[in-house]
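Participant: Mind looking over this structure? Questions follow.
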Amino acid sequence: MDGGKVTVGRTAALYAGAAVLRLAIFILLPDLPDLLTGRVEISTPVTSFKRLQEGLFLYNHNVSPYDGGVYHQAPLFLPLFSLLPNALSYPIFTYLLYIAIDLLSASALWKIADSGEAGSSALFTSPRRERRWNGFIIAAIFLFNPFTVATCLGRSTSVFTTCAILHAIAKAVSGAPFSAMVALSFASYLSMYPLLLLPPLVLLCLDRQRPERANKSVVSFAASHVPVVFGVLGLLFGMSYLITGSWEFLPSTYGVQLTLSDLTPNVGLWWYFFIEMFDSFRSFFLAVFWLHLSCYVGGLSIRIRRQPLVVLTLLLGIFAIFKPYPSISDTSLFLAMVPLYRHVFPLMRYSFVIAAVIMYASFLGPAFYYLWIYAGSGNANFFYAITLVWGLGQSLLVCDLMFAVLRDEWELERPEMAGKEIRQI
């Protein structure tokens with residue numbers, strides 16, 4: 001294991017350093033958070049802090065926040081942020097909330113790393129498992145990732161979904177399936193798409209059970225735990241109804257993701273496609289896009305059954321590319337999980353190309369958006385072209401990581417092939 005011994009002092013220094021960095025930027029550059037909040041790379045129609053403020057204003061004046069088609073986020077955000085002092089007059093409390101959420105996410109990620117599940121699961125033990133980073137390094141990579149910091153500064157509500165997903169996985173590897181299901185319920189309530197993580201999360205929970213409990217079949221184990229997710233979701237929907245006084249939040253929060261009724265540009269692949277789409281074909285291609293997004297769940301869960309944490313990681317990468325309203329927050333979550341597989345990095349083939357493409361798109365994306373929206377010297381094709389490059393970089397990373405993991409499994413089954421080149425015939 002790389003990283004040396006982790007002491008309480010080093011842990012406190014890591015969390016304090018991450019918190020101080022964020023707080024210093026908030027205070028020393030007071031205009032930056034509002035600038036980042038308006039960036040399409042950080043804020044989407046379903047995670048925007050500005051839209052949350054508009055919904056909160058309506059909510060505090062006894063008007064439905066879902067009138068007007070601006071607010072598309074979960075109703076429980078409204079009473080949560082109502083407890084905080086006015087974000088314009090006293091923004092420090094909002095800043096501290098977002099910093100705390102980032103630290104909680106890092107804590108969950110640390111537990112996942114220290115569990116050793118990435119290198120040694122119940123059904124598979126990698127021969128390279130000792131070559132890994134400890135939780136301190138994994139948490140540091142997450143906390144000081146520019147995408148993570150920018151998301152925190154932009155106050156995107158996607159940080160709450162990230163926190164819930166990481167805690168669901170952390171509880172699963174800790175052998176607490178009920179808590180994992182509850183955490184996944186909250187993530188699904190906030191963003192809907194995490195519900196697709198349910199199959200591999202159930203498998204992970206089953207694999208991490210104590211020996212006397214691990215003899216259950218997948219079907220019986222799922223039958224006893226999946227209802228928890230839908231039960232908690234039902235409870236959250238009931239609370240949302242009590243808050244808003246109607247079921248209007250369902251089409252406004254989840255329907256907008258299913259139908260893509262808000263075509264605000266983002267770093268995803270859907271918005272431009274459906275701007276150009278004829279209305280007569282819209283329903284068909286919506287079904288195709290959603291089918292494409294969800295079809296990976298079953299295939300990966302079956303093919304990489306022995307490593308459910310790998311399936312969760314790959315799905316997070318796929319969602320960051322193909323979900324309706326992605327942002328750099330989704331990418332930061334995927335990039336936070338990738339270092340767990342330090343042991344298979346030598347088997348990856350395109351590390352330099354992947355890093356170069358992602359950096360290329362990261363720098364040119366804002367420039368192309370500026371040329372389109374502000375300078376007027378470009379058009380939507382400029383920005384959509386760079387989002388395609390952005391998606392290509394992430395797709396290469398997903399595919400290369402999957403190749404490395406499968407090659408690791410294959411070399412364990414056929415040790416005589418270790419280190420030999422693979423050629424397609």
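Chain labels run A, B, ... following the order of the structure tokens; each chain numbers its residues from 1, and ligands are numbered from 1 in the order shown.
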Give the alpha helix (DSSP H) residues of stretch 162-388 of chain A, as assigned by DSSP on the backbone, as a ChimeraX atom specification.

Facilitator: /A:162-173,177-191,198-207,218-244,249-250,256-259,270-275,279-303,308-322,328-337,351-370,380-388

Participant: Set the distance at 10 Å and use only C-alpha atoms: which residues neighbour stretch 287-299 of chain A once local chain neighbours fewer than 3 positions away are removed? I'd like the list as a VMD selection string.

Facilitator: chain A and resid 193 196 to 200 257 to 259 269 to 270 282 to 284 302 to 305 311 to 312 314 to 315 318 to 319 321 to 324

Participant: Listing only residues of stretch 255-321 of chain A within 9 Å of stretch 362-381 of chain A, what is the closest atom pair and its distance in Å (to one decimal) for each, using only C-alpha atoms, sorted by chain and residue number ascending, as a tab-separated table?

Facilitator:
residue	atom	partner	partner_atom	distance
A:Pro265	CA	A:Ala380	CA	8.9
A:Val267	CA	A:Gly365	CA	8.6
A:Tyr272	CA	A:Ala380	CA	7.9

Participant: Generate a file of the selected residues that holds C-alpha atoms, formatted as a PDB file, in the first residue's frame.

Facilitator:
ATOM      1  CA  PRO A 265     -26.974  23.875 -23.037  1.00  0.00           C
ATOM      2  CA  VAL A 267     -21.729  19.435 -21.240  1.00  0.00           C
ATOM      3  CA  TYR A 272     -28.224  19.841 -29.103  1.00  0.00           C
TER       4      TYR A 272
END

Participant: What's the 12 Å shell around A:Phe124, counting only C-alpha atoms, without same-chain residues fewer than 6 positions away, as a short mmCIF file (atom, residue, chain, number, x, y, z; two decimals) with N, CA and C atoms, in the first residue's frame?

Facilitator:
data_model
loop_
_atom_site.label_atom_id
_atom_site.label_comp_id
_atom_site.auth_asym_id
_atom_site.auth_seq_id
_atom_site.Cartn_x
_atom_site.Cartn_y
_atom_site.Cartn_z
N GLY A 116 -10.66 -2.04 0.93
CA GLY A 116 -9.93 -2.96 0.07
C GLY A 116 -10.79 -3.68 -0.96
N GLU A 117 -12.06 -3.28 -1.06
CA GLU A 117 -12.98 -3.95 -1.97
C GLU A 117 -12.54 -3.83 -3.43
N ALA A 118 -11.88 -2.75 -3.79
CA ALA A 118 -11.48 -2.55 -5.19
C ALA A 118 -10.50 -3.62 -5.66
N ASP A 207 -22.22 -9.40 -1.22
CA ASP A 207 -20.84 -9.89 -1.13
C ASP A 207 -20.16 -9.48 0.17
N ILE A 304 -19.28 -8.51 -15.04
CA ILE A 304 -18.28 -8.27 -13.99
C ILE A 304 -18.91 -8.55 -12.63
N ARG A 305 -19.66 -9.63 -12.55
CA ARG A 305 -20.36 -9.99 -11.31
C ARG A 305 -19.41 -10.12 -10.13
N ARG A 306 -18.20 -10.57 -10.38
CA ARG A 306 -17.26 -10.82 -9.28
C ARG A 306 -16.72 -9.53 -8.66
N GLN A 307 -16.92 -8.39 -9.33
CA GLN A 307 -16.42 -7.11 -8.81
C GLN A 307 -17.51 -6.04 -8.93
N PRO A 308 -18.50 -6.08 -8.06
CA PRO A 308 -19.61 -5.11 -8.18
C PRO A 308 -19.18 -3.66 -7.99
N LEU A 309 -18.11 -3.42 -7.24
CA LEU A 309 -17.64 -2.04 -7.08
C LEU A 309 -17.12 -1.49 -8.41
N VAL A 310 -16.54 -2.35 -9.22
CA VAL A 310 -16.11 -1.94 -10.56
C VAL A 310 -17.33 -1.53 -11.39
N VAL A 405 -9.42 -3.87 -15.93
CA VAL A 405 -10.03 -4.75 -14.93
C VAL A 405 -10.23 -6.15 -15.49
N LEU A 406 -10.74 -6.23 -16.72
CA LEU A 406 -10.96 -7.55 -17.34
C LEU A 406 -9.63 -8.24 -17.64
N ASP A 408 -6.97 -7.92 -15.85
CA ASP A 408 -6.52 -8.39 -14.54
C ASP A 408 -7.18 -9.72 -14.19
N GLU A 409 -8.47 -9.83 -14.44
CA GLU A 409 -9.18 -11.09 -14.19
C GLU A 409 -8.65 -12.20 -15.08
N TRP A 410 -8.42 -11.87 -16.34
CA TRP A 410 -7.98 -12.87 -17.33
C TRP A 410 -6.60 -13.41 -16.98
N LEU A 412 -5.32 -13.67 -14.08
CA LEU A 412 -5.42 -14.57 -12.92
C LEU A 412 -5.86 -15.96 -13.36
N GLU A 413 -6.76 -16.01 -14.34
CA GLU A 413 -7.22 -17.29 -14.85
C GLU A 413 -6.16 -17.97 -15.72
#

Participant: For stretch 61-70 of chain A, list every protein, DNA or RNA residue within 8 Å, evaluated using only C-alpha atoms, and leave out those in the same chain fewer than 3 positions away; present the list as a short mmCIF file (atom, residue, chain, number, x, y, z; two decimals) with C-alpha atoms, in the first residue's frame.

Facilitator:
data_model
loop_
_atom_site.label_atom_id
_atom_site.label_comp_id
_atom_site.auth_asym_id
_atom_site.auth_seq_id
_atom_site.Cartn_x
_atom_site.Cartn_y
_atom_site.Cartn_z
CA PRO A 45 -31.50 23.11 -14.99
CA ARG A 51 -32.84 28.34 -9.81
CA GLU A 54 -35.78 31.51 -7.29
CA GLY A 55 -37.75 28.49 -6.10
CA LEU A 56 -36.95 29.38 -2.49
CA PHE A 57 -38.20 32.94 -3.01
CA LEU A 58 -41.54 31.63 -4.30
CA THR A 244 -45.67 21.67 -1.65
CA GLU A 248 -46.87 19.06 -9.18
CA PHE A 249 -43.25 18.43 -8.17
CA SER A 252 -41.41 19.31 -12.69
#

Participant: May I ask for the distance between atom CA of A:Gln209 and atom CA of A:Ser120, given in Å to one decimal place?

Facilitator: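 Atom-to-atom, atom CA of A:Gln209 to atom CA of A:Ser120, that is 14.3 Å.
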
Participant: With a distance cut-off of 12 Å and only C-alpha atoms, select the neighbouring residues of A:Tyr241, excluding the residue or stretch itself and same-chain residues fewer than 4 positions from it, and output the selection as a compact mmCIF listing (two decimals) with N, CA, C and O atoms, in the first residue's frame.

Facilitator:
# COMPACT_ATOMS: atom_id res chain seq x y z
N SER A 64 -46.28 28.35 -5.28
CA SER A 64 -45.67 27.08 -5.69
C SER A 64 -44.36 27.34 -6.44
O SER A 64 -44.36 28.08 -7.43
N ALA A 74 -35.55 18.87 -6.09
CA ALA A 74 -36.34 18.17 -5.09
C ALA A 74 -36.96 19.14 -4.09
O ALA A 74 -36.31 20.11 -3.67
N PRO A 75 -38.20 18.91 -3.69
CA PRO A 75 -38.87 19.82 -2.74
C PRO A 75 -38.17 19.93 -1.39
O PRO A 75 -38.25 20.98 -0.74
N LEU A 76 -37.49 18.88 -0.94
CA LEU A 76 -36.87 18.93 0.38
C LEU A 76 -35.72 19.94 0.45
O LEU A 76 -35.28 20.29 1.55
N GLY A 234 -41.05 6.37 -1.25
CA GLY A 234 -42.45 6.70 -1.01
C GLY A 234 -42.61 7.67 0.15
O GLY A 234 -43.42 8.61 0.09
N LEU A 235 -41.83 7.45 1.21
CA LEU A 235 -41.86 8.35 2.36
C LEU A 235 -41.38 9.76 1.97
O LEU A 235 -41.99 10.76 2.36
N LEU A 236 -40.31 9.83 1.18
CA LEU A 236 -39.79 11.13 0.74
C LEU A 236 -40.80 11.84 -0.17
O LEU A 236 -40.97 13.07 -0.08
N PHE A 237 -41.47 11.08 -1.03
CA PHE A 237 -42.49 11.69 -1.89
C PHE A 237 -43.65 12.22 -1.04
O PHE A 237 -44.22 13.29 -1.34
N GLY A 245 -47.88 20.79 -1.11
CA GLY A 245 -49.33 20.79 -1.16
C GLY A 245 -49.93 20.21 -2.42
O GLY A 245 -51.14 20.26 -2.63
N SER A 246 -49.09 19.64 -3.30
CA SER A 246 -49.59 19.03 -4.53
C SER A 246 -48.54 18.05 -5.04
O SER A 246 -47.42 17.97 -4.52
N TRP A 247 -48.93 17.33 -6.09
CA TRP A 247 -47.99 16.39 -6.73
C TRP A 247 -47.33 17.04 -7.95
O TRP A 247 -46.73 16.35 -8.78
N GLU A 248 -47.42 18.35 -8.03
CA GLU A 248 -46.87 19.06 -9.18
C GLU A 248 -45.36 18.89 -9.29
O GLU A 248 -44.78 19.01 -10.38
N PHE A 249 -44.71 18.56 -8.15
CA PHE A 249 -43.25 18.43 -8.17
C PHE A 249 -42.80 17.22 -8.99
O PHE A 249 -41.66 17.20 -9.48
N LEU A 250 -43.64 16.21 -9.14
CA LEU A 250 -43.23 15.01 -9.86
C LEU A 250 -42.91 15.29 -11.33
O LEU A 250 -41.81 14.98 -11.80

Participant: Could you tell me which of A:Ser329, A:Gln53, A:Gln394, A:Ser179 comes closest to A:Phe160 if we count only C-alpha atoms?

Facilitator: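 Of A:Ser329, A:Gln53, A:Gln394, A:Ser179, the one nearest A:Phe160, counting only C-alpha atoms, is A:Ser329.
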